[in-house]
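Novice: Structure file upload13.cif (mmCIF, C-alpha atoms and all ligand atoms) right here:
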data_final
#
loop_
_atom_site.group_PDB
_atom_site.id
_atom_site.type_symbol
_atom_site.label_atom_id
_atom_site.label_comp_id
_atom_site.auth_asym_id
_atom_site.auth_seq_id
_atom_site.Cartn_x
_atom_site.Cartn_y
_atom_site.Cartn_z
ATOM 1 C CA MET A 175 -21.022 -10.990 6.225
ATOM 2 C CA GLN A 176 -19.666 -8.910 3.352
ATOM 3 C CA ILE A 177 -20.435 -9.826 -0.259
ATOM 4 C CA GLY A 178 -17.704 -8.715 -2.622
ATOM 5 C CA CYS A 179 -16.529 -8.636 -6.199
ATOM 6 C CA HIS A 180 -13.097 -9.111 -7.737
ATOM 7 C CA GLY A 181 -11.899 -6.036 -9.648
ATOM 8 C CA SER A 182 -11.242 -8.044 -12.813
ATOM 9 C CA VAL A 183 -14.987 -8.100 -13.487
ATOM 10 C CA TRP A 184 -14.652 -4.412 -14.399
ATOM 11 C CA THR A 185 -11.220 -3.700 -15.819
ATOM 12 C CA GLY A 186 -7.816 -5.118 -16.605
ATOM 13 C CA THR A 187 -6.046 -1.902 -15.631
ATOM 14 C CA PHE A 188 -5.488 -1.155 -11.956
ATOM 15 C CA ASP A 189 -4.044 2.318 -12.032
ATOM 16 C CA THR A 190 -6.067 5.036 -10.293
ATOM 17 C CA ASP A 191 -8.502 5.506 -13.215
ATOM 18 C CA GLY A 192 -9.056 1.754 -13.506
ATOM 19 C CA LEU A 193 -9.725 1.522 -9.790
ATOM 20 C CA ARG A 194 -12.177 4.429 -9.924
ATOM 21 C CA LEU A 195 -14.194 2.553 -12.559
ATOM 22 C CA ALA A 196 -13.960 -0.726 -10.605
ATOM 23 C CA ILE A 197 -15.042 0.858 -7.312
ATOM 24 C CA GLU A 198 -18.003 2.724 -8.872
ATOM 25 C CA SER A 199 -19.109 -0.393 -10.768
ATOM 26 C CA THR A 200 -18.788 -2.688 -7.744
ATOM 27 C CA ARG A 201 -21.029 -0.376 -5.730
ATOM 28 C CA ALA A 202 -23.519 0.020 -8.595
ATOM 29 C CA ALA A 203 -23.863 -3.785 -8.854
ATOM 30 C CA GLY A 204 -24.843 -3.916 -5.168
ATOM 31 C CA PHE A 205 -21.723 -5.369 -3.523
ATOM 32 C CA ASP A 206 -20.284 -4.398 -0.102
ATOM 33 C CA LEU A 207 -16.622 -4.996 -0.879
ATOM 34 C CA ILE A 208 -14.097 -4.883 -3.695
ATOM 35 C CA GLU A 209 -11.104 -7.217 -3.991
ATOM 36 C CA ILE A 210 -8.273 -5.327 -5.665
ATOM 37 C CA PRO A 211 -5.642 -7.283 -7.597
ATOM 38 C CA LEU A 212 -2.263 -5.999 -6.413
ATOM 39 C CA MET A 213 -0.085 -7.274 -9.240
ATOM 40 C CA ASP A 214 1.678 -3.901 -9.241
ATOM 41 C CA PRO A 215 1.235 -2.429 -5.737
ATOM 42 C CA GLY A 216 3.498 0.526 -6.557
ATOM 43 C CA GLY A 217 1.103 1.688 -9.310
ATOM 44 C CA ILE A 218 -1.698 2.649 -6.930
ATOM 45 C CA ASP A 219 -2.315 6.154 -5.574
ATOM 46 C CA ARG A 220 -3.181 5.091 -2.041
ATOM 47 C CA ALA A 221 -4.828 8.305 -0.827
ATOM 48 C CA THR A 222 -7.082 8.523 -3.889
ATOM 49 C CA VAL A 223 -8.130 4.883 -3.619
ATOM 50 C CA ARG A 224 -8.870 5.285 0.097
ATOM 51 C CA ALA A 225 -11.015 8.348 -0.655
ATOM 52 C CA LEU A 226 -12.876 6.561 -3.478
ATOM 53 C CA LEU A 227 -13.660 3.607 -1.196
ATOM 54 C CA ALA A 228 -14.989 5.952 1.488
ATOM 55 C CA GLU A 229 -17.026 7.947 -1.044
ATOM 56 C CA HIS A 230 -18.739 4.775 -2.282
ATOM 57 C CA GLY A 231 -18.975 3.073 1.112
ATOM 58 C CA LEU A 232 -17.053 -0.025 0.036
ATOM 59 C CA ALA A 233 -14.785 -2.272 2.098
ATOM 60 C CA ALA A 234 -11.622 -3.498 0.406
ATOM 61 C CA THR A 235 -9.357 -6.525 0.287
ATOM 62 C CA ALA A 236 -6.407 -7.281 -1.971
ATOM 63 C CA SER A 237 -5.113 -10.358 -3.712
ATOM 64 C CA LEU A 238 -2.278 -11.510 -5.889
ATOM 65 C CA GLY A 239 -0.445 -14.541 -7.154
ATOM 66 C CA LEU A 240 3.320 -14.662 -6.755
ATOM 67 C CA SER A 241 5.525 -15.348 -9.800
ATOM 68 C CA ALA A 242 8.626 -17.506 -10.241
ATOM 69 C CA ARG A 243 10.698 -14.397 -9.418
ATOM 70 C CA THR A 244 8.884 -13.872 -6.096
ATOM 71 C CA ASP A 245 8.144 -17.487 -5.100
ATOM 72 C CA ILE A 246 8.488 -17.717 -1.303
ATOM 73 C CA SER A 247 8.402 -21.531 -1.606
ATOM 74 C CA SER A 248 11.653 -21.405 -3.591
ATOM 75 C CA GLU A 249 14.863 -22.900 -2.193
ATOM 76 C CA ASP A 250 16.723 -19.781 -3.401
ATOM 77 C CA PRO A 251 16.900 -17.290 -0.482
ATOM 78 C CA ASP A 252 17.085 -14.310 -2.868
ATOM 79 C CA VAL A 253 13.806 -15.313 -4.538
ATOM 80 C CA VAL A 254 12.160 -15.849 -1.142
ATOM 81 C CA ALA A 255 13.383 -12.412 -0.013
ATOM 82 C CA ALA A 256 11.989 -10.801 -3.195
ATOM 83 C CA GLY A 257 8.590 -12.405 -2.545
ATOM 84 C CA GLU A 258 8.588 -11.333 1.061
ATOM 85 C CA ARG A 259 9.440 -7.753 0.046
ATOM 86 C CA LEU A 260 6.571 -7.714 -2.471
ATOM 87 C CA LEU A 261 4.080 -9.074 0.068
ATOM 88 C CA GLY A 262 5.336 -6.592 2.653
ATOM 89 C CA THR A 263 4.638 -3.762 0.199
ATOM 90 C CA CYS A 264 1.157 -5.192 -0.434
ATOM 91 C CA LEU A 265 0.460 -5.140 3.318
ATOM 92 C CA GLU A 266 1.522 -1.488 3.507
ATOM 93 C CA VAL A 267 -0.631 -0.517 0.503
ATOM 94 C CA LEU A 268 -3.587 -2.408 1.941
ATOM 95 C CA ALA A 269 -3.218 -0.707 5.314
ATOM 96 C CA ASP A 270 -2.997 2.709 3.641
ATOM 97 C CA ILE A 271 -6.188 2.210 1.632
ATOM 98 C CA GLY A 272 -8.018 0.825 4.702
ATOM 99 C CA GLY A 273 -8.213 -2.804 3.529
ATOM 100 C CA THR A 274 -8.736 -5.813 5.775
ATOM 101 C CA HIS A 275 -7.482 -8.995 4.059
ATOM 102 C CA LEU A 276 -4.517 -9.975 1.873
ATOM 103 C CA VAL A 277 -5.385 -13.192 0.047
ATOM 104 C CA GLY A 278 -4.594 -15.345 -2.983
ATOM 105 C CA VAL A 279 -1.690 -17.505 -4.052
ATOM 106 C CA ILE A 280 0.780 -15.747 -1.793
ATOM 107 C CA HIS A 281 2.353 -18.910 -0.338
ATOM 108 C CA CYS A 282 4.049 -19.949 -3.626
ATOM 109 C CA ALA A 283 4.114 -18.940 -7.284
ATOM 110 C CA MET A 284 0.808 -19.175 -9.158
ATOM 111 C CA GLN A 285 2.013 -21.443 -11.923
ATOM 112 C CA LYS A 286 2.184 -25.045 -13.046
ATOM 113 C CA TYR A 287 5.036 -26.732 -11.188
ATOM 114 C CA LEU A 288 6.746 -29.708 -12.833
ATOM 115 C CA THR A 289 7.953 -31.233 -9.529
ATOM 116 C CA PRO A 290 6.424 -31.701 -6.063
ATOM 117 C CA ALA A 291 7.092 -29.058 -3.413
ATOM 118 C CA SER A 292 10.392 -29.720 -1.615
ATOM 119 C CA PRO A 293 10.540 -29.871 2.207
ATOM 120 C CA GLY A 294 12.954 -26.930 2.223
ATOM 121 C CA GLY A 295 10.749 -24.878 -0.074
ATOM 122 C CA ARG A 296 7.697 -25.581 2.055
ATOM 123 C CA ARG A 297 9.616 -24.551 5.177
ATOM 124 C CA ASN A 298 10.662 -21.281 3.481
ATOM 125 C CA SER A 299 7.031 -20.571 2.609
ATOM 126 C CA VAL A 300 5.717 -21.319 6.112
ATOM 127 C CA GLU A 301 8.399 -19.195 7.760
ATOM 128 C CA ALA A 302 7.916 -16.245 5.360
ATOM 129 C CA ILE A 303 4.143 -16.264 5.884
ATOM 130 C CA ARG A 304 4.706 -16.439 9.656
ATOM 131 C CA ARG A 305 6.946 -13.340 9.544
ATOM 132 C CA LEU A 306 4.450 -11.497 7.289
ATOM 133 C CA ALA A 307 1.625 -12.449 9.649
ATOM 134 C CA GLY A 308 3.409 -10.551 12.418
ATOM 135 C CA ARG A 309 3.555 -7.388 10.302
ATOM 136 C CA ALA A 310 -0.048 -7.901 9.154
ATOM 137 C CA SER A 311 -1.187 -8.284 12.743
ATOM 138 C CA ASP A 312 0.318 -4.892 13.627
ATOM 139 C CA LEU A 313 -1.649 -3.392 10.707
ATOM 140 C CA GLY A 314 -4.904 -5.174 11.609
ATOM 141 C CA ILE A 315 -4.823 -7.275 8.436
ATOM 142 C CA ARG A 316 -5.797 -10.927 7.993
ATOM 143 C CA ILE A 317 -3.952 -13.210 5.569
ATOM 144 C CA GLY A 318 -5.738 -15.887 3.533
ATOM 145 C CA VAL A 319 -3.794 -18.583 1.651
ATOM 146 C CA GLU A 320 -5.885 -19.623 -1.345
ATOM 147 C CA VAL A 321 -6.373 -23.289 -2.131
ATOM 148 C CA VAL A 322 -5.900 -23.598 -5.903
ATOM 149 C CA ASN A 323 -5.803 -26.577 -8.240
ATOM 150 C CA ARG A 324 -2.783 -28.690 -9.140
ATOM 151 C CA TYR A 325 -2.043 -26.690 -12.298
ATOM 152 C CA GLU A 326 -1.543 -23.477 -10.301
ATOM 153 C CA SER A 327 0.332 -24.664 -7.185
ATOM 154 C CA ASN A 328 2.140 -27.715 -5.817
ATOM 155 C CA LEU A 329 2.102 -26.739 -2.123
ATOM 156 C CA PHE A 330 -1.506 -27.676 -1.322
ATOM 157 C CA ASN A 331 -4.590 -28.282 -3.473
ATOM 158 C CA THR A 332 -7.303 -29.183 -0.932
ATOM 159 C CA GLY A 333 -8.851 -27.564 2.112
ATOM 160 C CA ARG A 334 -7.511 -30.262 4.428
ATOM 161 C CA GLN A 335 -3.965 -29.744 3.157
ATOM 162 C CA ALA A 336 -4.338 -26.000 3.611
ATOM 163 C CA VAL A 337 -5.472 -26.448 7.220
ATOM 164 C CA ARG A 338 -2.234 -28.358 7.925
ATOM 165 C CA TYR A 339 -0.212 -25.553 6.301
ATOM 166 C CA VAL A 340 -2.044 -22.862 8.307
ATOM 167 C CA GLU A 341 -1.493 -24.854 11.528
ATOM 168 C CA GLU A 342 2.219 -25.051 10.721
ATOM 169 C CA VAL A 343 2.312 -21.273 10.325
ATOM 170 C CA GLY A 344 0.592 -21.032 13.693
ATOM 171 C CA ALA A 345 -0.458 -17.363 13.528
ATOM 172 C CA GLY A 346 -3.862 -16.192 14.707
ATOM 173 C CA ASN A 347 -4.455 -14.000 11.630
ATOM 174 C CA VAL A 348 -3.601 -16.556 8.895
ATOM 175 C CA PHE A 349 -6.579 -18.404 7.426
ATOM 176 C CA VAL A 350 -7.628 -20.842 4.715
ATOM 177 C CA HIS A 351 -9.080 -19.207 1.589
ATOM 178 C CA LEU A 352 -11.375 -21.558 -0.368
ATOM 179 C CA ASP A 353 -12.440 -21.004 -3.990
ATOM 180 C CA THR A 354 -15.350 -22.976 -5.446
ATOM 181 C CA TYR A 355 -13.768 -23.046 -8.935
ATOM 182 C CA HIS A 356 -10.692 -24.843 -7.583
ATOM 183 C CA MET A 357 -12.691 -27.006 -5.147
ATOM 184 C CA ASN A 358 -14.752 -28.266 -8.087
ATOM 185 C CA ILE A 359 -11.525 -29.682 -9.582
ATOM 186 C CA GLU A 360 -9.805 -31.121 -6.508
ATOM 187 C CA GLU A 361 -12.221 -31.750 -3.619
ATOM 188 C CA PRO A 362 -14.404 -34.816 -2.890
ATOM 189 C CA ASP A 363 -17.464 -32.540 -2.705
ATOM 190 C CA MET A 364 -18.297 -28.899 -1.928
ATOM 191 C CA TYR A 365 -19.439 -29.457 1.675
ATOM 192 C CA THR A 366 -16.878 -31.457 3.651
ATOM 193 C CA PRO A 367 -13.917 -29.127 2.951
ATOM 194 C CA VAL A 368 -15.887 -26.235 4.468
ATOM 195 C CA LEU A 369 -16.507 -28.306 7.594
ATOM 196 C CA ALA A 370 -12.880 -29.505 7.646
ATOM 197 C CA ALA A 371 -11.637 -25.919 7.548
ATOM 198 C CA GLY A 372 -14.154 -24.830 10.217
ATOM 199 C CA ASP A 373 -12.887 -21.818 12.150
ATOM 200 C CA ARG A 374 -9.758 -21.781 9.981
ATOM 201 C CA LEU A 375 -11.820 -20.640 6.980
ATOM 202 C CA GLY A 376 -11.340 -16.894 6.634
ATOM 203 C CA TYR A 377 -12.075 -16.015 3.003
ATOM 204 C CA VAL A 378 -14.163 -17.391 0.145
ATOM 205 C CA HIS A 379 -14.104 -16.980 -3.636
ATOM 206 C CA ILE A 380 -17.286 -17.820 -5.524
ATOM 207 C CA GLY A 381 -16.403 -18.913 -9.056
ATOM 208 C CA GLU A 382 -18.191 -21.116 -11.572
ATOM 209 C CA SER A 383 -16.516 -24.208 -13.106
ATOM 210 C CA HIS A 384 -15.544 -22.220 -16.243
ATOM 211 C CA ARG A 385 -15.208 -18.907 -14.359
ATOM 212 C CA GLY A 386 -18.225 -17.361 -16.123
ATOM 213 C CA TYR A 387 -21.856 -16.698 -15.042
ATOM 214 C CA LEU A 388 -22.813 -18.343 -11.737
ATOM 215 C CA GLY A 389 -25.294 -21.152 -12.284
ATOM 216 C CA SER A 390 -24.191 -21.890 -15.857
ATOM 217 C CA GLY A 391 -21.572 -24.507 -14.937
ATOM 218 C CA THR A 392 -21.119 -27.610 -12.792
ATOM 219 C CA VAL A 393 -20.280 -26.187 -9.337
ATOM 220 C CA ASP A 394 -22.620 -27.485 -6.608
ATOM 221 C CA PHE A 395 -23.257 -24.134 -4.944
ATOM 222 C CA ASP A 396 -26.141 -25.496 -2.821
ATOM 223 C CA ALA A 397 -23.765 -27.814 -0.976
ATOM 224 C CA PHE A 398 -21.128 -25.115 -0.563
ATOM 225 C CA PHE A 399 -23.500 -22.509 0.893
ATOM 226 C CA ARG A 400 -25.008 -25.146 3.208
ATOM 227 C CA GLY A 401 -21.474 -25.776 4.469
ATOM 228 C CA LEU A 402 -20.984 -22.065 5.161
ATOM 229 C CA ALA A 403 -24.294 -21.919 7.044
ATOM 230 C CA HIS A 404 -23.461 -25.080 9.020
ATOM 231 C CA THR A 405 -20.138 -23.697 10.280
ATOM 232 C CA GLY A 406 -21.471 -20.172 10.857
ATOM 233 C CA TYR A 407 -18.953 -18.634 8.447
ATOM 234 C CA ASP A 408 -19.230 -14.851 8.445
ATOM 235 C CA GLY A 409 -16.133 -13.660 6.564
ATOM 236 C CA PRO A 410 -16.013 -12.126 3.072
ATOM 237 C CA VAL A 411 -17.732 -13.975 0.191
ATOM 238 C CA VAL A 412 -16.257 -12.641 -3.041
ATOM 239 C CA PHE A 413 -17.377 -13.243 -6.622
ATOM 240 C CA GLU A 414 -14.539 -13.976 -9.020
ATOM 241 C CA SER A 415 -14.861 -14.238 -12.797
ATOM 242 C CA PHE A 416 -12.561 -13.746 -15.729
ATOM 243 C CA SER A 417 -13.196 -13.208 -19.408
ATOM 244 C CA SER A 418 -10.882 -12.413 -22.281
ATOM 245 C CA ALA A 419 -13.154 -9.381 -22.802
ATOM 246 C CA VAL A 420 -11.568 -7.753 -19.724
ATOM 247 C CA VAL A 421 -7.960 -8.701 -19.344
ATOM 248 C CA HIS A 422 -4.932 -7.859 -17.299
ATOM 249 C CA PRO A 423 -2.331 -9.455 -19.608
ATOM 250 C CA GLU A 424 -0.195 -10.986 -16.851
ATOM 251 C CA LEU A 425 -3.138 -12.286 -14.827
ATOM 252 C CA SER A 426 -5.079 -13.668 -17.782
ATOM 253 C CA GLN A 427 -2.059 -15.606 -18.996
ATOM 254 C CA MET A 428 -1.330 -17.103 -15.576
ATOM 255 C CA LEU A 429 -4.989 -18.135 -15.244
ATOM 256 C CA ALA A 430 -5.287 -19.431 -18.832
ATOM 257 C CA ILE A 431 -8.202 -17.152 -19.752
ATOM 258 C CA TRP A 432 -8.329 -17.912 -23.457
ATOM 259 C CA ARG A 433 -11.963 -17.318 -24.281
ATOM 260 C CA ASN A 434 -14.854 -14.960 -23.838
ATOM 261 C CA LEU A 435 -17.449 -16.045 -21.257
ATOM 262 C CA TRP A 436 -19.113 -12.647 -20.945
ATOM 263 C CA THR A 437 -18.737 -9.143 -22.264
ATOM 264 C CA ASP A 438 -21.008 -7.071 -20.008
ATOM 265 C CA GLY A 439 -19.412 -6.834 -16.552
ATOM 266 C CA ALA A 440 -22.339 -4.805 -15.166
ATOM 267 C CA ASP A 441 -24.842 -7.538 -16.035
ATOM 268 C CA LEU A 442 -22.518 -10.291 -14.805
ATOM 269 C CA GLY A 443 -21.816 -8.496 -11.523
ATOM 270 C CA ALA A 444 -25.440 -7.646 -10.730
ATOM 271 C CA HIS A 445 -26.408 -11.249 -11.498
ATOM 272 C CA ALA A 446 -23.662 -12.613 -9.211
ATOM 273 C CA ASN A 447 -24.582 -10.267 -6.362
ATOM 274 C CA ALA A 448 -28.229 -11.402 -6.523
ATOM 275 C CA TYR A 449 -27.243 -15.064 -6.933
ATOM 276 C CA ILE A 450 -24.932 -15.101 -3.886
ATOM 277 C CA ARG A 451 -27.336 -13.165 -1.646
ATOM 278 C CA GLY A 452 -30.197 -15.433 -2.733
ATOM 279 C CA ARG A 453 -28.271 -18.587 -1.823
ATOM 280 C CA LEU A 454 -27.278 -17.156 1.548
ATOM 281 C CA ARG A 455 -30.912 -16.250 2.288
ATOM 282 C CA SER A 456 -32.027 -19.756 1.347
ATOM 283 C CA VAL A 457 -29.552 -21.524 3.606
ATOM 284 C CA ALA A 458 -30.176 -19.104 6.493
ATOM 285 C CA SER A 459 -33.845 -20.173 6.434
ATOM 286 C CA ILE A 460 -32.791 -23.777 7.185
ATOM 287 C CA GLY A 461 -32.264 -22.660 10.781
ATOM 288 C CA MET A 462 -36.073 -22.222 11.106
ATOM 289 C CA HIS A 463 -36.867 -25.811 10.118
HETATM 290 MN MN MN A 501 -9.801 -17.455 -6.524
#
Can you present the structure in this file as structure tokens?
Ligand code: MN
Specialist:
Amino acid sequence: MQIGCHGSVWTGTFDTDGLRLAIESTRAAGFDLIEIPLMDPGGIDRATVRALLAEHGLAATASLGLSARTDISSEDPDVVAAGERLLGTCLEVLADIGGTHLVGVIHCAMQKYLTPASPGGRRNSVEAIRRLAGRASDLGIRIGVEVVNRYESNLFNTGRQAVRYVEEVGAGNVFVHLDTYHMNIEEPDMYTPVLAAGDRLGYVHIGESHRGYLGSGTVDFDAFFRGLAHTGYDGPVVFESFSSAVVHPELSQMLAIWRNLWTDGADLGAHANAYIRGRLRSVASIGMH
């Protein structure tokens, strides 16, 4: 199992210099993996990033949220095509830097919708993800569709709904991506969605209820980690936190990051790495009881 950290803990700028800082800092905090936000996939020097990852011995994944201009759940075929092109570029960048997973809100725009998802829009999303899954499979990449709360998507907001979506896609490399921050808003508890997803769970974000320091909010991490242990989950477990102290303007606005929850990314990251590994050790010991 790889324990990872989202790049936004370290910087809001993901050009080559920003990524160098994020990769060095992720390694220094003790993580195995960095999740790189690919808001602007064309802005990354792929060879340099690949070399930096190798130098620091880090695995990599990438994530993004689509916008209204690239919403593959749109009924406008031009918008769907723009989203599919963007995600196709992300897959190529990820393959070139040696990454393994493309995750996030890639099934629709990451925004507050004012109407329910339409059947036609849902069909467009499912079919686009199915086509992308074929390309990803050729590149050895897994796709995770992130379950986010009702203010950030209208396509699905719970693990059970996401399982139905993933089954509709019907590709062996498309998985459910759960995030404890969003689960804390929408799910009945932090345990049953993990069991409901079962083998369909392929990626996990660990975020606190206010997206700050783990353990300082209301998320029931004990129940969540017990769920992971119960199902034998062994995919990436990635810490995600956002503060207005470190901002990518586009991302922070989409995620409504209006206040400062921390200023020292190094302290936050080292704390999260120890917190996650500690919980995993605790639940692993249950097998000896
Ligand atoms: Mn997340």
Novice: Quick one: residues within 9 Å of A:Leu454, all atoms listed in the file counted, chain neighbours fewer than 3 positions away excluded, as a list of chain:residue names?
Specialist: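 So the residues in contact are A:Phe399, A:Arg400, A:Leu402, A:Ala403, A:Tyr449, A:Ile450, A:Arg451, A:Val457, A:Ala458, A:Ser459.
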Novice: When the PyMOL selection byres (((not hetatm)) within 7 of (chain A and resi 501)) is applied to the file above, which residues end up in the set, as a PyMOL selection string?
Specialist: chain A and resi 278+320+353+379+414
Novice: Take the PyMOL selection byres (((chain A and resi 204) around 12) and not hetatm), apply it to the structure above, and return the hits as a VMD selection string.
Specialist: chain A and resid 176 to 179 197 to 203 205 to 208 230 to 232 440 to 451
Novice: Kindly indicate which residue among A:Arg243, A:Arg194, A:His281, A:His422 lies nearest to A:Asn298, using all atoms listed in the file for the distances.
Specialist: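 Checking each of A:Arg243, A:Arg194, A:His281, A:His422 against A:Asn298, counting all atoms listed in the file, the winner is A:His281.
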Novice: Quick check, in Å to one decimal: how far apart do atom CA of A:Glu258 and atom CA of A:Ser415 lie?
Specialist: 27.4 Å
Novice: From the options A:Leu238, A:Ile359, A:Val223, A:Val411, which residue's atoms come nearest to A:Ile271, counting all atoms listed in the file?
Specialist: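 That would be A:Val223, the residue with the smallest distance to A:Ile271.
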Novice: Mind working out the centre and edge lengths of an axis-aligned box for stretch 213-229 of chain A, all listed atoms inside, 4 Å added to each side, rounded to one decimal in Å and written as JSON?
Specialist:
{"center_x": -6.8, "center_y": 0.6, "center_z": -3.9, "size_x": 28.5, "size_y": 23.8, "size_z": 18.8}
Novice: Given only C-alpha atoms as the basis, pick out the residue of A:Leu226, A:Ala336, A:Leu313, A:Val300 nearest to A:Ser248.
Specialist: A:Val300
Novice: If we count only C-alpha atoms, what is near A:Ser311 at a cut-off of 10 Å, once residues fewer than 3 positions away on the same chain are taken out, given as a ChimeraX atom specification?
Specialist: /A:306-308,314-317,345-348
Novice: Include C-alpha atoms and write out the residues we just selected as a tab-separated table (two decimals), keeping the file's coordinate frame.
Specialist:
chain	number	residue	atom	x	y	z
A	306	LEU	CA	4.45	-11.50	7.29
A	307	ALA	CA	1.62	-12.45	9.65
A	308	GLY	CA	3.41	-10.55	12.42
A	314	GLY	CA	-4.90	-5.17	11.61
A	315	ILE	CA	-4.82	-7.28	8.44
A	316	ARG	CA	-5.80	-10.93	7.99
A	317	ILE	CA	-3.95	-13.21	5.57
A	345	ALA	CA	-0.46	-17.36	13.53
A	346	GLY	CA	-3.86	-16.19	14.71
A	347	ASN	CA	-4.46	-14.00	11.63
A	348	VAL	CA	-3.60	-16.56	8.90
Novice: Rounded to one decimal place, report the atom CA of A:Arg305-atom CA of A:Gly262 distance in Å.
Specialist: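 Distance between the two atoms: 9.8 Å.
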Novice: Just to confirm, what's the straight-line distance from atom CA of A:Ser418 to atom CA of A:Arg385 in Å (one decimal)?
Specialist: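 Atom CA of A:Arg385 lies 11.1 Å from atom CA of A:Ser418.
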Novice: Rank nothing, just name the residue among A:Thr190, A:Ser247, A:Asn331, A:Thr289 nearest to A:Leu227, using only C-alpha atoms.
Specialist: A:Thr190
Novice: Apply the PyMOL selection byres (((chain A and resi 213) around 8) and not hetatm) to the structure shown and report the selected residues as a ChimeraX atom specification.
Specialist: /A:211-212,214-215,238-239
Novice: Would you kindly return, as a list in words, each protein, DNA or RNA residue with an atom no farther than 6 Å from any atom of A:Arg374, considering only C-alpha atoms and excluding same-chain residues fewer than 2 positions away?
Specialist: Phe349, Val350, Ala371 and Gly372 of chain A
Novice: Once you have the residues from the selection above, write them out as a short mmCIF file (atom, residue, chain, number, x, y, z; two decimals), keeping the file's coordinate frame, restricted to C-alpha atoms.
Specialist:
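As written to disk, selection.cif reads:
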data_model
loop_
_atom_site.label_atom_id
_atom_site.label_comp_id
_atom_site.auth_asym_id
_atom_site.auth_seq_id
_atom_site.Cartn_x
_atom_site.Cartn_y
_atom_site.Cartn_z
CA PHE A 349 -6.58 -18.40 7.43
CA VAL A 350 -7.63 -20.84 4.72
CA ALA A 371 -11.64 -25.92 7.55
CA GLY A 372 -14.15 -24.83 10.22
#
Novice: Pick out the closest residue to A:Thr222 from this set: A:Val267, A:Ala255, A:Val277, A:Val343. Count all atoms listed in the file.
Specialist: A:Val267
Novice: Missing atoms in stretch 284-288 of chain A need filling: write out all heavy atoms for it as a CSV table (one decimal), in the frame of the given file.
Specialist:
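What landed in part14.csv:
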chain,number,residue,atom,x,y,z
A,284,MET,N,2.0,-18.7,-8.5
A,284,MET,CA,0.8,-19.2,-9.2
A,284,MET,C,1.2,-19.6,-10.6
A,284,MET,O,1.2,-18.9,-11.5
A,284,MET,CB,-0.2,-18.1,-9.2
A,284,MET,CG,-1.6,-18.6,-9.7
A,284,MET,SD,-2.9,-17.4,-9.4
A,284,MET,CE,-2.5,-16.1,-10.5
A,285,GLN,N,1.5,-20.9,-10.6
A,285,GLN,CA,2.0,-21.4,-11.9
A,285,GLN,C,1.9,-23.0,-11.9
A,285,GLN,O,1.8,-23.5,-10.8
A,285,GLN,CB,3.5,-21.0,-12.1
A,285,GLN,CG,4.4,-21.6,-11.1
A,285,GLN,CD,5.9,-21.3,-11.3
A,285,GLN,OE1,6.2,-20.2,-11.9
A,285,GLN,NE2,6.8,-22.2,-10.9
A,286,LYS,N,2.1,-23.6,-13.0
A,286,LYS,CA,2.2,-25.0,-13.0
A,286,LYS,C,3.6,-25.5,-12.7
A,286,LYS,O,4.6,-25.1,-13.4
A,286,LYS,CB,1.8,-25.6,-14.4
A,286,LYS,CG,1.8,-27.1,-14.5
A,286,LYS,CD,1.4,-27.6,-15.8
A,286,LYS,CE,1.4,-29.2,-15.7
A,286,LYS,NZ,1.1,-29.7,-17.1
A,287,TYR,N,3.7,-26.2,-11.6
A,287,TYR,CA,5.0,-26.7,-11.2
A,287,TYR,C,5.2,-28.1,-11.9
A,287,TYR,O,4.3,-28.8,-12.0
A,287,TYR,CB,5.1,-26.9,-9.7
A,287,TYR,CG,5.2,-25.6,-8.9
A,287,TYR,CD1,4.1,-24.8,-8.6
A,287,TYR,CD2,6.5,-25.2,-8.5
A,287,TYR,CE1,4.2,-23.7,-7.8
A,287,TYR,CE2,6.6,-24.0,-7.8
A,287,TYR,CZ,5.5,-23.2,-7.5
A,287,TYR,OH,5.6,-22.1,-6.7
A,288,LEU,N,6.5,-28.4,-12.2
A,288,LEU,CA,6.7,-29.7,-12.8
A,288,LEU,C,7.3,-30.7,-11.9
A,288,LEU,O,7.6,-31.9,-12.2
A,288,LEU,CB,7.7,-29.5,-14.0
A,288,LEU,CG,7.1,-28.6,-15.1
A,288,LEU,CD1,8.1,-28.3,-16.2
A,288,LEU,CD2,5.8,-29.1,-15.7
